[in-house]
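J.: Below you'll find final14.cif; it's mmCIF, N, CA and C atoms.
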data_protein
#
loop_
_atom_site.label_atom_id
_atom_site.label_comp_id
_atom_site.auth_asym_id
_atom_site.auth_seq_id
_atom_site.Cartn_x
_atom_site.Cartn_y
_atom_site.Cartn_z
N MET A 1 81.41 92.76 95.26
CA MET A 1 81.71 93.08 93.88
C MET A 1 83.18 92.79 93.64
N ALA A 2 83.48 92.04 92.60
CA ALA A 2 84.86 91.71 92.25
C ALA A 2 85.18 92.32 90.90
N THR A 3 86.45 92.30 90.54
CA THR A 3 86.84 92.83 89.23
C THR A 3 87.49 91.73 88.42
N GLU A 4 87.43 91.91 87.10
CA GLU A 4 88.06 90.99 86.15
C GLU A 4 87.67 89.54 86.46
N ILE A 5 86.42 89.20 86.23
CA ILE A 5 85.90 87.87 86.47
C ILE A 5 86.08 87.04 85.20
N PRO A 6 86.84 85.93 85.24
CA PRO A 6 86.99 85.10 84.04
C PRO A 6 85.69 84.39 83.68
N LEU A 7 85.35 84.45 82.39
CA LEU A 7 84.17 83.76 81.87
C LEU A 7 84.59 83.05 80.59
N GLY A 8 85.14 81.86 80.71
CA GLY A 8 85.67 81.16 79.55
C GLY A 8 86.89 81.90 79.03
N ASN A 9 86.88 82.22 77.75
CA ASN A 9 88.00 82.96 77.17
C ASN A 9 87.80 84.48 77.25
N ARG A 10 86.75 84.91 77.92
CA ARG A 10 86.46 86.33 78.12
C ARG A 10 86.49 86.65 79.60
N ARG A 11 86.14 87.89 79.94
CA ARG A 11 86.05 88.29 81.34
C ARG A 11 85.01 89.39 81.46
N ALA A 12 84.42 89.48 82.63
CA ALA A 12 83.54 90.61 82.95
C ALA A 12 84.32 91.51 83.88
N ASP A 13 84.13 92.80 83.75
CA ASP A 13 84.85 93.72 84.62
C ASP A 13 84.36 93.64 86.06
N CYS A 14 83.08 93.41 86.25
CA CYS A 14 82.58 93.19 87.61
C CYS A 14 81.25 92.46 87.54
N ILE A 15 80.93 91.79 88.62
CA ILE A 15 79.65 91.12 88.75
C ILE A 15 78.89 91.81 89.87
N LEU A 16 77.69 92.26 89.54
CA LEU A 16 76.87 92.96 90.51
C LEU A 16 76.25 91.96 91.48
N ARG A 17 75.80 92.43 92.60
CA ARG A 17 75.20 91.60 93.63
C ARG A 17 74.05 90.76 93.07
N CYS A 18 73.30 91.32 92.13
CA CYS A 18 72.17 90.61 91.53
C CYS A 18 72.62 89.54 90.53
N GLY A 19 73.94 89.45 90.28
CA GLY A 19 74.46 88.45 89.35
C GLY A 19 74.71 88.97 87.95
N LYS A 20 74.28 90.19 87.66
CA LYS A 20 74.53 90.75 86.32
C LYS A 20 76.01 91.04 86.15
N ARG A 21 76.48 90.86 84.92
CA ARG A 21 77.88 91.11 84.59
C ARG A 21 78.00 92.44 83.88
N ALA A 22 78.83 93.32 84.44
CA ALA A 22 79.01 94.67 83.88
C ALA A 22 80.34 94.76 83.16
N GLU A 23 80.31 95.39 82.02
CA GLU A 23 81.51 95.68 81.24
C GLU A 23 81.75 97.18 81.40
N ILE A 24 82.85 97.55 82.02
CA ILE A 24 83.18 98.96 82.24
C ILE A 24 84.19 99.37 81.18
N GLN A 25 83.84 100.41 80.42
CA GLN A 25 84.65 100.77 79.28
C GLN A 25 85.12 102.21 79.37
N ALA A 26 86.42 102.42 79.24
CA ALA A 26 87.00 103.76 79.31
C ALA A 26 87.40 104.31 77.94
N HIS A 27 87.29 103.49 76.90
CA HIS A 27 87.73 103.89 75.57
C HIS A 27 86.78 103.34 74.52
N PRO A 28 86.76 103.94 73.33
CA PRO A 28 85.90 103.43 72.26
C PRO A 28 86.30 102.01 71.86
N LEU A 29 85.32 101.27 71.36
CA LEU A 29 85.55 99.93 70.83
C LEU A 29 84.96 99.86 69.43
N ALA A 30 85.50 98.98 68.62
CA ALA A 30 84.95 98.72 67.29
C ALA A 30 83.63 97.96 67.45
N PRO A 31 82.71 98.11 66.50
CA PRO A 31 81.42 97.41 66.59
C PRO A 31 81.55 95.90 66.81
N VAL A 32 82.49 95.27 66.15
CA VAL A 32 82.65 93.82 66.31
C VAL A 32 83.08 93.46 67.74
N GLU A 33 83.87 94.32 68.36
CA GLU A 33 84.30 94.08 69.74
C GLU A 33 83.13 94.29 70.71
N VAL A 34 82.31 95.31 70.47
CA VAL A 34 81.13 95.54 71.30
C VAL A 34 80.22 94.31 71.23
N ALA A 35 79.94 93.86 70.01
CA ALA A 35 79.06 92.69 69.84
C ALA A 35 79.64 91.46 70.51
N GLY A 36 80.94 91.26 70.39
CA GLY A 36 81.58 90.10 71.00
C GLY A 36 81.52 90.14 72.52
N ARG A 37 81.73 91.29 73.10
CA ARG A 37 81.69 91.40 74.57
C ARG A 37 80.28 91.26 75.11
N GLU A 38 79.28 91.60 74.30
CA GLU A 38 77.90 91.47 74.78
C GLU A 38 77.49 90.02 74.97
N ALA A 39 78.22 89.10 74.40
CA ALA A 39 77.93 87.68 74.63
C ALA A 39 78.21 87.28 76.08
N HIS A 40 79.03 88.08 76.77
CA HIS A 40 79.44 87.75 78.15
C HIS A 40 79.12 88.86 79.14
N ALA A 41 78.41 89.90 78.72
CA ALA A 41 78.10 91.02 79.62
C ALA A 41 76.61 91.33 79.55
N ASP A 42 76.07 91.79 80.66
CA ASP A 42 74.66 92.14 80.74
C ASP A 42 74.40 93.64 80.61
N LEU A 43 75.43 94.44 80.85
CA LEU A 43 75.26 95.89 80.76
C LEU A 43 76.62 96.56 80.60
N TRP A 44 76.56 97.80 80.14
CA TRP A 44 77.75 98.61 79.92
C TRP A 44 77.77 99.78 80.90
N ILE A 45 78.94 100.11 81.40
CA ILE A 45 79.17 101.37 82.12
C ILE A 45 80.28 102.08 81.36
N LEU A 46 79.92 103.18 80.72
CA LEU A 46 80.87 103.90 79.86
C LEU A 46 81.40 105.12 80.59
N ASP A 47 82.70 105.26 80.62
CA ASP A 47 83.34 106.39 81.29
C ASP A 47 83.31 107.59 80.35
N CYS A 48 82.35 108.46 80.55
CA CYS A 48 82.16 109.63 79.70
C CYS A 48 82.53 110.92 80.43
N ARG A 49 83.32 110.80 81.49
CA ARG A 49 83.67 111.99 82.28
C ARG A 49 84.40 113.04 81.45
N ALA A 50 85.35 112.64 80.62
CA ALA A 50 86.10 113.61 79.82
C ALA A 50 85.19 114.29 78.80
N ALA A 51 84.34 113.52 78.15
CA ALA A 51 83.41 114.10 77.18
C ALA A 51 82.48 115.11 77.87
N HIS A 52 82.01 114.78 79.05
CA HIS A 52 81.12 115.69 79.79
C HIS A 52 81.88 116.94 80.25
N ALA A 53 83.09 116.76 80.75
CA ALA A 53 83.89 117.89 81.24
C ALA A 53 84.25 118.86 80.11
N HIS A 54 84.40 118.34 78.88
CA HIS A 54 84.78 119.18 77.74
C HIS A 54 83.58 119.55 76.87
N ASP A 55 82.38 119.41 77.44
CA ASP A 55 81.12 119.79 76.77
C ASP A 55 80.87 119.04 75.46
N ARG A 56 81.43 117.84 75.32
CA ARG A 56 81.09 117.00 74.18
C ARG A 56 79.90 116.11 74.51
N LEU A 57 79.61 115.96 75.80
CA LEU A 57 78.42 115.25 76.26
C LEU A 57 77.60 116.23 77.08
N LEU A 58 76.47 116.64 76.53
CA LEU A 58 75.59 117.58 77.19
C LEU A 58 74.33 116.85 77.64
N VAL A 59 73.92 117.09 78.87
CA VAL A 59 72.72 116.47 79.44
C VAL A 59 71.84 117.59 79.96
N TRP A 60 70.54 117.53 79.62
CA TRP A 60 69.63 118.56 80.09
C TRP A 60 68.24 117.95 80.28
N ASP A 61 67.44 118.68 81.08
CA ASP A 61 66.05 118.27 81.31
C ASP A 61 65.14 119.06 80.40
N ASP A 62 64.28 118.34 79.69
CA ASP A 62 63.29 118.95 78.82
C ASP A 62 61.93 118.76 79.48
N PRO A 63 61.12 119.82 79.60
CA PRO A 63 59.84 119.68 80.30
C PRO A 63 58.88 118.68 79.64
N GLU A 64 59.02 118.47 78.34
CA GLU A 64 58.12 117.56 77.64
C GLU A 64 58.69 116.15 77.52
N PHE A 65 60.00 116.02 77.32
CA PHE A 65 60.59 114.72 77.01
C PHE A 65 61.46 114.13 78.12
N GLY A 66 61.68 114.85 79.20
CA GLY A 66 62.51 114.33 80.29
C GLY A 66 63.98 114.65 80.08
N THR A 67 64.84 113.78 80.57
CA THR A 67 66.29 114.01 80.48
C THR A 67 66.79 113.57 79.10
N LEU A 68 67.45 114.48 78.42
CA LEU A 68 67.99 114.24 77.08
C LEU A 68 69.49 114.44 77.09
N PHE A 69 70.16 113.89 76.08
CA PHE A 69 71.60 114.12 75.95
C PHE A 69 72.02 114.17 74.50
N ARG A 70 73.13 114.86 74.28
CA ARG A 70 73.80 114.90 72.98
C ARG A 70 75.28 114.63 73.24
N TRP A 71 75.82 113.62 72.57
CA TRP A 71 77.21 113.22 72.76
C TRP A 71 77.94 113.39 71.43
N ASP A 72 78.72 114.45 71.32
CA ASP A 72 79.52 114.69 70.12
C ASP A 72 80.78 113.83 70.19
N ARG A 73 81.21 113.34 69.05
CA ARG A 73 82.33 112.40 68.95
C ARG A 73 82.07 111.17 69.83
N ALA A 74 80.83 110.70 69.75
CA ALA A 74 80.42 109.52 70.52
C ALA A 74 81.18 108.29 70.04
N TRP A 75 81.25 107.31 70.88
CA TRP A 75 81.93 106.06 70.56
C TRP A 75 81.04 105.24 69.63
N GLN A 76 81.31 105.35 68.34
CA GLN A 76 80.45 104.79 67.30
C GLN A 76 80.24 103.28 67.40
N GLY A 77 81.20 102.57 67.95
CA GLY A 77 81.05 101.12 68.09
C GLY A 77 79.83 100.74 68.91
N PHE A 78 79.38 101.63 69.80
CA PHE A 78 78.25 101.31 70.66
C PHE A 78 76.91 101.48 69.96
N ALA A 79 76.92 101.88 68.70
CA ALA A 79 75.69 101.93 67.93
C ALA A 79 75.09 100.54 67.77
N VAL A 80 75.91 99.50 67.87
CA VAL A 80 75.42 98.12 67.74
C VAL A 80 75.06 97.50 69.09
N ALA A 81 75.28 98.21 70.18
CA ALA A 81 75.03 97.67 71.52
C ALA A 81 73.55 97.37 71.72
N LYS A 82 73.29 96.20 72.27
CA LYS A 82 71.92 95.78 72.59
C LYS A 82 71.67 95.80 74.10
N ARG A 83 72.74 95.78 74.88
CA ARG A 83 72.61 95.74 76.34
C ARG A 83 72.41 97.14 76.91
N PRO A 84 71.82 97.23 78.10
CA PRO A 84 71.65 98.55 78.74
C PRO A 84 72.99 99.24 78.94
N ALA A 85 72.96 100.57 78.86
CA ALA A 85 74.18 101.36 79.03
C ALA A 85 73.96 102.45 80.07
N PHE A 86 75.01 102.68 80.87
CA PHE A 86 75.03 103.75 81.85
C PHE A 86 76.23 104.63 81.51
N LEU A 87 76.02 105.93 81.41
CA LEU A 87 77.10 106.87 81.12
C LEU A 87 77.56 107.50 82.43
N ASN A 88 78.82 107.30 82.76
CA ASN A 88 79.41 107.93 83.93
C ASN A 88 79.78 109.34 83.50
N THR A 89 78.99 110.33 83.94
CA THR A 89 79.24 111.70 83.51
C THR A 89 80.12 112.46 84.49
N GLU A 90 80.04 112.12 85.76
CA GLU A 90 80.87 112.78 86.77
C GLU A 90 81.08 111.79 87.91
N LEU A 91 82.30 111.60 88.31
CA LEU A 91 82.57 110.78 89.49
C LEU A 91 83.87 111.25 90.09
N ASP A 92 83.80 111.69 91.33
CA ASP A 92 84.99 112.09 92.07
C ASP A 92 85.37 110.90 92.94
N ILE A 93 86.43 110.22 92.57
CA ILE A 93 86.85 109.01 93.28
C ILE A 93 87.13 109.31 94.75
N SER A 94 87.67 110.48 95.06
CA SER A 94 88.03 110.79 96.44
C SER A 94 86.81 110.95 97.34
N THR A 95 85.69 111.46 96.79
CA THR A 95 84.49 111.66 97.61
C THR A 95 83.40 110.62 97.35
N GLY A 96 83.47 109.95 96.20
CA GLY A 96 82.42 109.01 95.83
C GLY A 96 81.18 109.67 95.28
N ARG A 97 81.22 110.98 95.10
CA ARG A 97 80.06 111.69 94.58
C ARG A 97 80.14 111.76 93.06
N GLY A 98 78.97 111.77 92.45
CA GLY A 98 78.95 111.87 91.00
C GLY A 98 77.58 111.59 90.44
N THR A 99 77.52 111.54 89.11
CA THR A 99 76.27 111.36 88.40
C THR A 99 76.46 110.36 87.26
N PHE A 100 75.47 109.52 87.10
CA PHE A 100 75.43 108.56 85.99
C PHE A 100 74.12 108.79 85.24
N LEU A 101 74.13 108.49 83.96
CA LEU A 101 72.92 108.58 83.16
C LEU A 101 72.61 107.19 82.62
N GLU A 102 71.48 106.65 83.02
CA GLU A 102 71.00 105.36 82.49
C GLU A 102 70.35 105.66 81.15
N VAL A 103 70.90 105.15 80.07
CA VAL A 103 70.39 105.43 78.73
C VAL A 103 69.09 104.65 78.52
N THR A 104 68.02 105.38 78.17
CA THR A 104 66.74 104.72 77.89
C THR A 104 66.51 104.61 76.38
N GLY A 105 67.28 105.33 75.61
CA GLY A 105 67.21 105.25 74.16
C GLY A 105 68.25 106.15 73.53
N TRP A 106 68.82 105.70 72.41
CA TRP A 106 69.78 106.56 71.73
C TRP A 106 69.85 106.18 70.26
N ILE A 107 70.22 107.17 69.45
CA ILE A 107 70.48 106.95 68.03
C ILE A 107 71.82 107.58 67.72
N PHE A 108 72.53 106.96 66.82
CA PHE A 108 73.82 107.48 66.38
C PHE A 108 73.65 108.07 65.00
N ASP A 109 74.11 109.30 64.85
CA ASP A 109 73.99 110.03 63.60
C ASP A 109 75.37 110.60 63.28
N GLY A 110 76.09 109.93 62.40
CA GLY A 110 77.45 110.36 62.12
C GLY A 110 78.31 110.20 63.36
N TYR A 111 78.94 111.27 63.76
CA TYR A 111 79.80 111.21 64.95
C TYR A 111 79.08 111.69 66.21
N ARG A 112 77.78 111.69 66.19
CA ARG A 112 77.00 112.19 67.32
C ARG A 112 75.99 111.13 67.74
N ALA A 113 75.75 111.06 69.04
CA ALA A 113 74.66 110.24 69.57
C ALA A 113 73.69 111.17 70.27
N LEU A 114 72.42 110.95 70.03
CA LEU A 114 71.36 111.70 70.67
C LEU A 114 70.49 110.71 71.43
N GLY A 115 70.03 111.10 72.62
CA GLY A 115 69.23 110.13 73.34
C GLY A 115 68.53 110.70 74.56
N SER A 116 67.94 109.76 75.29
CA SER A 116 67.23 110.08 76.52
C SER A 116 67.73 109.16 77.62
N GLY A 117 67.49 109.57 78.85
CA GLY A 117 67.96 108.74 79.94
C GLY A 117 67.37 109.12 81.28
N ARG A 118 67.80 108.39 82.29
CA ARG A 118 67.41 108.66 83.67
C ARG A 118 68.67 108.94 84.48
N PRO A 119 68.77 110.11 85.11
CA PRO A 119 69.96 110.40 85.92
C PRO A 119 69.90 109.67 87.26
N HIS A 120 71.06 109.26 87.73
CA HIS A 120 71.19 108.61 89.04
C HIS A 120 72.44 109.15 89.72
N THR A 121 72.38 109.27 91.03
CA THR A 121 73.58 109.65 91.78
C THR A 121 74.53 108.47 91.82
N ALA A 122 75.79 108.75 92.06
CA ALA A 122 76.78 107.68 92.23
C ALA A 122 76.40 106.80 93.41
N ALA A 123 75.83 107.40 94.46
CA ALA A 123 75.42 106.62 95.64
C ALA A 123 74.34 105.61 95.28
N ALA A 124 73.38 106.00 94.45
CA ALA A 124 72.32 105.08 94.03
C ALA A 124 72.90 103.95 93.18
N ILE A 125 73.82 104.27 92.27
CA ILE A 125 74.46 103.25 91.43
C ILE A 125 75.25 102.29 92.31
N ARG A 126 75.98 102.82 93.25
CA ARG A 126 76.78 101.99 94.17
C ARG A 126 75.88 101.04 94.97
N SER A 127 74.76 101.54 95.49
CA SER A 127 73.83 100.70 96.26
C SER A 127 73.22 99.62 95.39
N TRP A 128 72.92 99.95 94.16
CA TRP A 128 72.38 98.96 93.22
C TRP A 128 73.42 97.87 92.92
N MET A 129 74.66 98.29 92.65
CA MET A 129 75.70 97.33 92.31
C MET A 129 76.09 96.45 93.50
N ARG A 130 76.24 97.05 94.67
CA ARG A 130 76.73 96.31 95.83
C ARG A 130 75.66 95.53 96.57
N TYR A 131 74.45 96.13 96.68
CA TYR A 131 73.43 95.55 97.55
C TYR A 131 72.14 95.18 96.83
N ASP A 132 72.10 95.36 95.52
CA ASP A 132 70.92 95.05 94.71
C ASP A 132 69.70 95.87 95.12
N ILE A 133 69.94 97.09 95.56
CA ILE A 133 68.84 98.01 95.86
C ILE A 133 68.39 98.61 94.53
N PRO A 134 67.13 98.44 94.16
CA PRO A 134 66.68 98.90 92.83
C PRO A 134 66.92 100.39 92.62
N LEU A 135 67.25 100.72 91.38
CA LEU A 135 67.39 102.12 91.01
C LEU A 135 66.01 102.74 90.90
N PRO A 136 65.85 103.97 91.38
CA PRO A 136 64.55 104.62 91.22
C PRO A 136 64.25 104.86 89.76
N SER A 137 62.97 104.87 89.40
CA SER A 137 62.63 105.12 87.99
C SER A 137 62.95 106.55 87.60
N HIS A 138 62.90 107.46 88.57
CA HIS A 138 63.34 108.83 88.32
C HIS A 138 63.87 109.39 89.63
N GLU A 139 65.00 110.03 89.57
CA GLU A 139 65.66 110.53 90.76
C GLU A 139 66.15 111.94 90.51
N ALA A 140 65.88 112.82 91.42
CA ALA A 140 66.40 114.18 91.29
C ALA A 140 67.89 114.16 91.59
N VAL A 141 68.68 114.74 90.73
CA VAL A 141 70.13 114.77 90.89
C VAL A 141 70.55 116.23 91.01
N ALA A 142 71.26 116.54 92.07
CA ALA A 142 71.76 117.90 92.25
C ALA A 142 72.73 118.25 91.13
N GLN A 143 72.57 119.42 90.57
CA GLN A 143 73.44 119.83 89.46
C GLN A 143 74.67 120.50 89.97
#
Using structure tokens, write down the structure from this file.

T.:
Amino acid sequence: MATEIPLGNRRADCILRCGKRAEIQAHPLAPVEVAGREAHADLWILDCRAAHAHDRLLVWDDPEFGTLFRWDRAWQGFAVAKRPAFLNTELDISTGRGTFLEVTGWIFDGYRALGSGRPHTAAAIRSWMRYDIPLPSHEAVAQ
């Protein structure tokens, strides 16, 4: 896995072992910027650790609907995103432990996004990115 891969006049933040180009985003983007970057990226990894730590991003399991989330003050530019998105909700760089949420659907309503997803451990995401080991369709994540 490399970082900052030049692609013409653009760049991908990293290329996964499977060849997919990931755009890793730590800040909101305008809709036009999201659409422009999607021409050169296959998926998004959004750093939502601060939103999760400050309870602006809540994730819970519903017995009928599975894993759901509510993101207050969501990054509105991503309402136009067509590519898959993964929300980094917790990641401790020193230990490599953490949780990501693979978004399976979301809607933006004002300054809030509501949606559903599949939780994955940081270890599962790392194995997928580095070694192309498929992500499980559903994985129990320790809370």

J.: Write out as a PDB file with N, CA and C atoms, in the coordinates of the input the residues lying within 6 Å of range 42-49 of chain A, counting only N, CA and C atoms and excluding same-chain residues fewer than 4 positions away.

T.:
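Final output, saved to part-v8.pdb:
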ATOM      1  N   LYS A  20      74.280  90.190  87.660  1.00  0.00           N
ATOM      2  CA  LYS A  20      74.530  90.750  86.320  1.00  0.00           C
ATOM      3  C   LYS A  20      76.010  91.040  86.150  1.00  0.00           C
ATOM      4  N   ARG A  21      76.480  90.860  84.920  1.00  0.00           N
ATOM      5  CA  ARG A  21      77.880  91.110  84.590  1.00  0.00           C
ATOM      6  C   ARG A  21      78.000  92.440  83.880  1.00  0.00           C
ATOM      7  N   ALA A  22      78.830  93.320  84.440  1.00  0.00           N
ATOM      8  CA  ALA A  22      79.010  94.670  83.880  1.00  0.00           C
ATOM      9  C   ALA A  22      80.340  94.760  83.160  1.00  0.00           C
ATOM     10  N   GLU A  23      80.310  95.390  82.020  1.00  0.00           N
ATOM     11  CA  GLU A  23      81.510  95.680  81.240  1.00  0.00           C
ATOM     12  C   GLU A  23      81.750  97.180  81.400  1.00  0.00           C
ATOM     13  N   ILE A  24      82.850  97.550  82.020  1.00  0.00           N
ATOM     14  CA  ILE A  24      83.180  98.960  82.240  1.00  0.00           C
ATOM     15  C   ILE A  24      84.190  99.370  81.180  1.00  0.00           C
ATOM     16  N   GLN A  25      83.840 100.410  80.420  1.00  0.00           N
ATOM     17  CA  GLN A  25      84.650 100.770  79.280  1.00  0.00           C
ATOM     18  C   GLN A  25      85.120 102.210  79.370  1.00  0.00           C
ATOM     19  N   ALA A  26      86.420 102.420  79.240  1.00  0.00           N
ATOM     20  CA  ALA A  26      87.000 103.760  79.310  1.00  0.00           C
ATOM     21  C   ALA A  26      87.400 104.310  77.940  1.00  0.00           C
ATOM     22  N   ALA A  53      83.090 116.760  80.750  1.00  0.00           N
ATOM     23  CA  ALA A  53      83.890 117.890  81.240  1.00  0.00           C
ATOM     24  C   ALA A  53      84.250 118.860  80.110  1.00  0.00           C
ATOM     25  N   HIS A  54      84.400 118.340  78.880  1.00  0.00           N
ATOM     26  CA  HIS A  54      84.780 119.180  77.740  1.00  0.00           C
ATOM     27  C   HIS A  54      83.580 119.550  76.870  1.00  0.00           C
ATOM     28  N   ARG A  83      72.740  95.780  74.880  1.00  0.00           N
ATOM     29  CA  ARG A  83      72.610  95.740  76.340  1.00  0.00           C
ATOM     30  C   ARG A  83      72.410  97.140  76.910  1.00  0.00           C
ATOM     31  N   PRO A  84      71.820  97.230  78.100  1.00  0.00           N
ATOM     32  CA  PRO A  84      71.650  98.550  78.740  1.00  0.00           C
ATOM     33  C   PRO A  84      72.990  99.240  78.940  1.00  0.00           C
ATOM     34  N   ALA A  85      72.960 100.570  78.860  1.00  0.00           N
ATOM     35  CA  ALA A  85      74.180 101.360  79.030  1.00  0.00           C
ATOM     36  C   ALA A  85      73.960 102.450  80.070  1.00  0.00           C
ATOM     37  N   PHE A  86      75.010 102.680  80.870  1.00  0.00           N
ATOM     38  CA  PHE A  86      75.030 103.750  81.850  1.00  0.00           C
ATOM     39  C   PHE A  86      76.230 104.630  81.510  1.00  0.00           C
ATOM     40  N   LEU A  87      76.020 105.930  81.410  1.00  0.00           N
ATOM     41  CA  LEU A  87      77.100 106.870  81.120  1.00  0.00           C
ATOM     42  C   LEU A  87      77.560 107.500  82.430  1.00  0.00           C
ATOM     43  N   ASN A  88      78.820 107.300  82.760  1.00  0.00           N
ATOM     44  CA  ASN A  88      79.410 107.930  83.930  1.00  0.00           C
ATOM     45  C   ASN A  88      79.780 109.340  83.500  1.00  0.00           C
ATOM     46  N   THR A  89      78.990 110.330  83.940  1.00  0.00           N
ATOM     47  CA  THR A  89      79.240 111.700  83.510  1.00  0.00           C
ATOM     48  C   THR A  89      80.120 112.460  84.490  1.00  0.00           C
ATOM     49  N   GLU A  90      80.040 112.120  85.760  1.00  0.00           N
ATOM     50  CA  GLU A  90      80.870 112.780  86.770  1.00  0.00           C
ATOM     51  C   GLU A  90      81.080 111.790  87.910  1.00  0.00           C
TER      52      GLU A  90
END

J.: Rank nothing, just name the residue among A:Ala41, A:Ile93, A:Ala30, A:Val103 nearest to Leu16 in chain A, using only C-alpha atoms.

T.: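 That would be A:Ala41, the residue with the smallest distance to Leu16 in chain A.
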
J.: What is the distance, in Å and to one decimal place, between CA of Ala124 in chain A and atom C of Val59 in chain A?

T.: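 Separation of CA of Ala124 in chain A and atom C of Val59 in chain A: 18.8 Å.
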
J.: Per DSSP on the backbone, what are the strand (DSSP E or B) residues of chain A, as a PyMOL selection string?

T.: chain A and resi 3-7+10-15+21-25+43-47+57-62+66-72+85-92+97-109+112-121

J.: Using CA of Trp71 in chain A and atom C of Thr121 in chain A as the two end points, give the distance in Å to one decimal.

T.: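 Separating CA of Trp71 in chain A from atom C of Thr121 in chain A is a distance of 19.8 Å.
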
J.: Do you have the atom N of Gly110 in chain A-CA of Glu33 in chain A distance handy?

T.: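 Between atom N of Gly110 in chain A and CA of Glu33 in chain A the gap works out to 19.3 Å.
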
J.: Once the PyMOL selection byres ((chain A and resi 128-133) around 6) has been evaluated on this model, what residues remain selected, and can you format them as a ChimeraX atom specification?

T.: /A:1,16-18,123-127,134-135

J.: May I ask you to restore all heavy atoms in range 31-36 of chain A and write the result as a PDB file, in the frame of the given file?

T.:
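Final output, saved to rebuild_37.pdb:
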ATOM      1  N   PRO A  31      82.710  98.110  66.500  1.00  0.00           N
ATOM      2  CA  PRO A  31      81.420  97.410  66.590  1.00  0.00           C
ATOM      3  C   PRO A  31      81.550  95.900  66.810  1.00  0.00           C
ATOM      4  O   PRO A  31      80.808  95.325  67.603  1.00  0.00           O
ATOM      5  CB  PRO A  31      80.742  97.719  65.250  1.00  0.00           C
ATOM      6  CG  PRO A  31      81.346  99.006  64.809  1.00  0.00           C
ATOM      7  CD  PRO A  31      82.773  98.970  65.309  1.00  0.00           C
ATOM      8  N   VAL A  32      82.490  95.270  66.150  1.00  0.00           N
ATOM      9  CA  VAL A  32      82.650  93.820  66.310  1.00  0.00           C
ATOM     10  C   VAL A  32      83.080  93.460  67.740  1.00  0.00           C
ATOM     11  O   VAL A  32      82.660  92.436  68.277  1.00  0.00           O
ATOM     12  CB  VAL A  32      83.636  93.250  65.252  1.00  0.00           C
ATOM     13  CG1 VAL A  32      85.060  93.728  65.491  1.00  0.00           C
ATOM     14  CG2 VAL A  32      83.568  91.741  65.212  1.00  0.00           C
ATOM     15  N   GLU A  33      83.870  94.320  68.360  1.00  0.00           N
ATOM     16  CA  GLU A  33      84.300  94.080  69.740  1.00  0.00           C
ATOM     17  C   GLU A  33      83.130  94.290  70.710  1.00  0.00           C
ATOM     18  O   GLU A  33      82.967  93.523  71.663  1.00  0.00           O
ATOM     19  CB  GLU A  33      85.469  95.004  70.100  1.00  0.00           C
ATOM     20  CG  GLU A  33      86.042  94.763  71.463  1.00  0.00           C
ATOM     21  CD  GLU A  33      86.782  93.438  71.620  1.00  0.00           C
ATOM     22  OE1 GLU A  33      87.161  92.824  70.599  1.00  0.00           O
ATOM     23  OE2 GLU A  33      86.988  93.023  72.767  1.00  0.00           O
ATOM     24  N   VAL A  34      82.310  95.310  70.470  1.00  0.00           N
ATOM     25  CA  VAL A  34      81.130  95.540  71.300  1.00  0.00           C
ATOM     26  C   VAL A  34      80.220  94.310  71.230  1.00  0.00           C
ATOM     27  O   VAL A  34      79.785  93.778  72.251  1.00  0.00           O
ATOM     28  CB  VAL A  34      80.368  96.818  70.876  1.00  0.00           C
ATOM     29  CG1 VAL A  34      79.018  96.918  71.580  1.00  0.00           C
ATOM     30  CG2 VAL A  34      81.211  98.055  71.158  1.00  0.00           C
ATOM     31  N   ALA A  35      79.940  93.860  70.010  1.00  0.00           N
ATOM     32  CA  ALA A  35      79.060  92.690  69.840  1.00  0.00           C
ATOM     33  C   ALA A  35      79.640  91.460  70.510  1.00  0.00           C
ATOM     34  O   ALA A  35      78.923  90.688  71.154  1.00  0.00           O
ATOM     35  CB  ALA A  35      78.818  92.447  68.348  1.00  0.00           C
ATOM     36  N   GLY A  36      80.940  91.260  70.390  1.00  0.00           N
ATOM     37  CA  GLY A  36      81.580  90.100  71.000  1.00  0.00           C
ATOM     38  C   GLY A  36      81.520  90.140  72.520  1.00  0.00           C
ATOM     39  O   GLY A  36      81.250  89.114  73.168  1.00  0.00           O
TER      40      GLY A  36
END
